[in-house]
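In what follows, a single structure is set out as structure tokens and then discussed.
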Amino acid sequence: MLAIIGGTGLTQLANLEITHRQVMRTPYGEPSGAITFGRLRQHEVMFIARHGYGHTIPPHEVNYRANLWALHDQGAKRVIAVAAVGGIRADLVPGVLVLPNQIIDYTHGREFTYFDGRDRSVIHIDFTQPYSSKMRQQILDAAKIAKVSCLDGGVYGATQGPRLDTAAEINRLERDGVDMVGMTGMPEASLAKELGLDYAAIAVVVNHAAGRGNSRESIHLENISSVAQPAMAKVRSILECMVDSDGN
Ligand code: HPA
């Protein structure tokens, strides 16, 4: 089954016919909220709001391990994560959708692995390609059918938050090759890989990163929701076309 992790601006799926909600406990604690099960255009999907349904959990306190464990436990094989980002690359302006193909992790102090038990042998996962290329292609195909523009590829820089970045930090990220910056991409992507889930992310640019474009002096947080709302409507139509075209 396909699982969707909704981020800022996507705490629910408008066209999801909800069948039930499941409160879960995992060996890693509680997920961000109950898992919502339902049908999207007749196809079964599950959904979880990363920051909680009332958007109360900051990025560094999301229980990423519990969220992915719960989705996996409930039979998810594929996960699409939706995440708001700040745009660094010139074409990543507010309102643009982009599918990252690489990630750099700048987070710290988060519970980032399932393989930390001292009673087990050490396990290393291959993380050369952090996102599933098959799923990325499925999303791009669905975007075409939905007639929604979605850029293919970019490096996601995962920062700790919850504060936004300084202009100098963004300059450093750009020198590192980062195209977009967000706070939730890691450890979500690597935990999904540890569980053997097919995982891809749709990044929604909600602001110019610090020091860029109209964020030269400051980031206008008050504009974020007016940018996110229409962009999330586009994400919803991609998701609907995706479940329709692959039979889920
Ligand atoms: N920086 C970090 N995370 C973000 C941003 C940003 O500019 N916008 C949305 N998430």
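Starting from 1 in every chain, residues are counted up; chains themselves are A, B, ... following the order of the structure tokens, and ligands are numbered from 1 as listed.
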Find the residues near ligand 1. Use a cut-off of 7 Å, count only C-alpha atoms and all ligand atoms, and write them as a PDB file with N, CA and C atoms, in the first residue's frame.
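What ended up in out_0.pdb:
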```pdb
ATOM      1  N   ALA A  84       7.802  21.017   2.811  1.00  0.00           N
ATOM      2  CA  ALA A  84       8.012  22.416   2.431  1.00  0.00           C
ATOM      3  C   ALA A  84       9.505  22.732   2.499  1.00  0.00           C
ATOM      4  N   VAL A  85       9.984  23.500   1.533  1.00  0.00           N
ATOM      5  CA  VAL A  85      11.409  23.859   1.520  1.00  0.00           C
ATOM      6  C   VAL A  85      11.585  25.334   1.160  1.00  0.00           C
ATOM      7  N   GLY A  86      12.776  25.829   1.457  1.00  0.00           N
ATOM      8  CA  GLY A  86      13.198  27.134   0.965  1.00  0.00           C
ATOM      9  C   GLY A  86      14.037  26.910  -0.288  1.00  0.00           C
ATOM     10  N   GLY A  87      13.853  27.755  -1.285  1.00  0.00           N
ATOM     11  CA  GLY A  87      14.569  27.577  -2.551  1.00  0.00           C
ATOM     12  C   GLY A  87      15.902  28.298  -2.552  1.00  0.00           C
ATOM     13  N   THR A 159      18.275  20.695   7.453  1.00  0.00           N
ATOM     14  CA  THR A 159      18.829  21.453   8.579  1.00  0.00           C
ATOM     15  C   THR A 159      18.032  21.150   9.849  1.00  0.00           C
ATOM     16  N   GLY A 161      16.667  23.194  12.296  1.00  0.00           N
ATOM     17  CA  GLY A 161      15.497  23.953  12.725  1.00  0.00           C
ATOM     18  C   GLY A 161      15.417  23.980  14.242  1.00  0.00           C
ATOM     19  N   LEU A 164      14.899  29.315  11.177  1.00  0.00           N
ATOM     20  CA  LEU A 164      15.331  29.356   9.785  1.00  0.00           C
ATOM     21  C   LEU A 164      16.822  29.674   9.754  1.00  0.00           C
ATOM     22  N   ASP A 165      17.364  29.775   8.567  1.00  0.00           N
ATOM     23  CA  ASP A 165      18.813  29.823   8.393  1.00  0.00           C
ATOM     24  C   ASP A 165      19.318  31.267   8.315  1.00  0.00           C
ATOM     25  N   VAL A 181      16.351  23.829   0.884  1.00  0.00           N
ATOM     26  CA  VAL A 181      16.635  23.568   2.293  1.00  0.00           C
ATOM     27  C   VAL A 181      15.324  23.350   3.043  1.00  0.00           C
ATOM     28  N   GLY A 182      15.335  22.301   3.877  1.00  0.00           N
ATOM     29  CA  GLY A 182      14.163  21.985   4.686  1.00  0.00           C
ATOM     30  C   GLY A 182      14.616  21.354   5.993  1.00  0.00           C
ATOM     31  N   MET A 183      13.680  21.072   6.875  1.00  0.00           N
ATOM     32  CA  MET A 183      14.062  20.599   8.216  1.00  0.00           C
ATOM     33  C   MET A 183      13.663  19.158   8.500  1.00  0.00           C
ATOM     34  N   VAL A 206       8.302  27.005  -0.573  1.00  0.00           N
ATOM     35  CA  VAL A 206       7.351  27.955   0.033  1.00  0.00           C
ATOM     36  C   VAL A 206       7.974  29.330   0.283  1.00  0.00           C
ATOM     37  N   ASN A 207       9.282  29.421   0.132  1.00  0.00           N
ATOM     38  CA  ASN A 207       9.937  30.731   0.296  1.00  0.00           C
ATOM     39  C   ASN A 207      11.303  30.685  -0.373  1.00  0.00           C
ATOM     40  N   HIS A 208      11.806  31.869  -0.724  1.00  0.00           N
ATOM     41  CA  HIS A 208      13.218  31.960  -1.099  1.00  0.00           C
ATOM     42  C   HIS A 208      14.020  31.716   0.183  1.00  0.00           C
ATOM     43  N   ALA A 209      15.091  30.957   0.085  1.00  0.00           N
ATOM     44  CA  ALA A 209      15.942  30.746   1.261  1.00  0.00           C
ATOM     45  C   ALA A 209      16.530  32.085   1.712  1.00  0.00           C
ATOM     46  N   ALA A 210      17.005  32.108   2.954  1.00  0.00           N
ATOM     47  CA  ALA A 210      17.506  33.352   3.563  1.00  0.00           C
ATOM     48  C   ALA A 210      18.563  34.016   2.679  1.00  0.00           C
TER      49      ALA A 210
END
```
>> Using only C-alpha atoms, which protein or nucleic acid residues come within 9 Å of range 169-177 of chain A? Drop anything in the same chain fewer than 6 positions from it, and give the result as a list in words.
In response: Ile88, Arg89, Ile104, Val155, Gly157, Ala209, Ala210, Gly211 and Arg212 of chain A
> Of the residues A:Leu71, A:Val79, A:Cys150, A:Val243, which is the one nearest to Thr26 in chain A, using only C-alpha atoms?
Replying inline: A:Leu71
>> Here is a test: counting only C-alpha atoms, which residue of A:Ile219, A:His20, A:Lys144, A:Val204 is nearest to Thr166 in chain A?
In response: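 Result for the nearest residue to Thr166 in chain A: A:Ile219.
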> Restricting the calculation to only C-alpha atoms, which member of A:Ile57, A:Val45, A:Leu92, A:Met186 is positioned closest to Ala201 in chain A?
Replying inline: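 Using only C-alpha atoms, Ala201 in chain A sits closest to A:Met186.
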>> Counting only C-alpha atoms, which residue out of A:Ser190, A:Pro58, A:Gln129, A:Arg216 sits closest to Ala168 in chain A?
In response: A:Arg216
Please identify all polymer residues within 8 Å of range 6-18 of chain A, counting only C-alpha atoms, omitting same-chain residues fewer than 6 positions from it, and present them as an mmCIF file with C-alpha atoms, in the first residue's frame.
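Printed below is part.cif as written:
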```cif
data_model
loop_
_atom_site.group_PDB
_atom_site.id
_atom_site.type_symbol
_atom_site.label_atom_id
_atom_site.label_comp_id
_atom_site.auth_asym_id
_atom_site.auth_seq_id
_atom_site.Cartn_x
_atom_site.Cartn_y
_atom_site.Cartn_z
ATOM 1 C CA THR A 36 -5.489 7.622 8.648
ATOM 2 C CA PHE A 37 -6.618 4.886 6.264
ATOM 3 C CA GLY A 38 -8.831 5.634 3.332
ATOM 4 C CA ARG A 39 -9.472 5.570 -0.366
ATOM 5 C CA LEU A 40 -8.076 8.066 -2.790
ATOM 6 C CA ARG A 41 -9.942 7.644 -6.084
ATOM 7 C CA PHE A 47 -1.699 9.004 5.594
ATOM 8 C CA ILE A 48 0.098 10.559 8.520
ATOM 9 C CA ALA A 49 0.669 14.233 9.294
ATOM 10 C CA ARG A 50 4.368 14.559 10.141
ATOM 11 C CA HIS A 51 3.885 17.482 12.518
ATOM 12 C CA GLY A 52 0.676 16.087 14.044
ATOM 13 C CA TYR A 53 -2.824 16.872 12.856
ATOM 14 C CA GLY A 54 -2.765 20.217 14.666
ATOM 15 C CA HIS A 55 0.769 20.996 13.433
ATOM 16 C CA ALA A 81 6.825 12.376 1.693
ATOM 17 C CA VAL A 82 5.634 15.903 1.107
ATOM 18 C CA ALA A 83 7.850 18.624 2.511
ATOM 19 C CA ALA A 84 8.012 22.416 2.431
ATOM 20 C CA SER A 225 0.644 29.739 3.847
ATOM 21 C CA ALA A 228 1.713 26.639 0.285
ATOM 22 C CA GLN A 229 -2.036 26.370 -0.201
ATOM 23 C CA MET A 232 -0.445 21.679 -1.977
ATOM 24 C CA ARG A 236 -2.912 16.486 -4.185
#
```
>> For the strand (DSSP E) assignment from backbone DSSP, which residues of range 31-203 of chain A qualify? Please present them as a count of residues only.
In response: 45
> Of the candidates A:Leu151, A:Leu99, A:Trp69, A:Ala158, which shows the shortest atom-to-atom distance to Ala203 in chain A, using only C-alpha atoms?
Replying inline: A:Leu99
> Looking at A:Ser237, A:Ser133, A:Gln42, A:Thr56, which one is nearest to Val148 in chain A, with distances taken over only C-alpha atoms?
Replying inline: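 Residue with the minimum atom-to-atom distance to Val148 in chain A: A:Ser237.
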> Among range 53-194 of chain A, which residues carry a DSSP assignment of helix (DSSP H, G or I), reported as JSON, numbers by chain?
Replying inline: {"A": [59, 60, 61, 64, 65, 66, 67, 68, 69, 70, 71, 72, 73, 133, 134, 135, 136, 137, 138, 139, 140, 141, 142, 143, 144, 145, 146, 167, 168, 169, 170, 171, 172, 173, 174, 175, 176, 188, 189, 190, 191, 192, 193, 194]}
>> List as a ChimeraX atom specification the protein and nucleic acid residues near Gly154 in chain A, meaning an atom at most 8 Å away when only C-alpha atoms are counted, but skip any in the same chain fewer than 3 places from it.
In response: /A:98-102,178-180
How would the residues just chosen look if you wrote them out with C-alpha atoms as a compact mmCIF listing (two decimals), in the first residue's frame?
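Output (again21.txt):
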```
# COMPACT_ATOMS: atom_id res chain seq x y z
CA VAL A 98 10.58 19.67 -7.19
CA LEU A 99 11.56 16.04 -6.68
CA PRO A 100 14.91 15.93 -4.89
CA ASN A 101 17.27 13.18 -6.00
CA GLN A 102 19.99 13.72 -3.41
CA VAL A 178 22.43 22.22 -1.97
CA ASP A 179 19.47 23.40 -4.08
CA MET A 180 16.70 23.48 -1.49
```
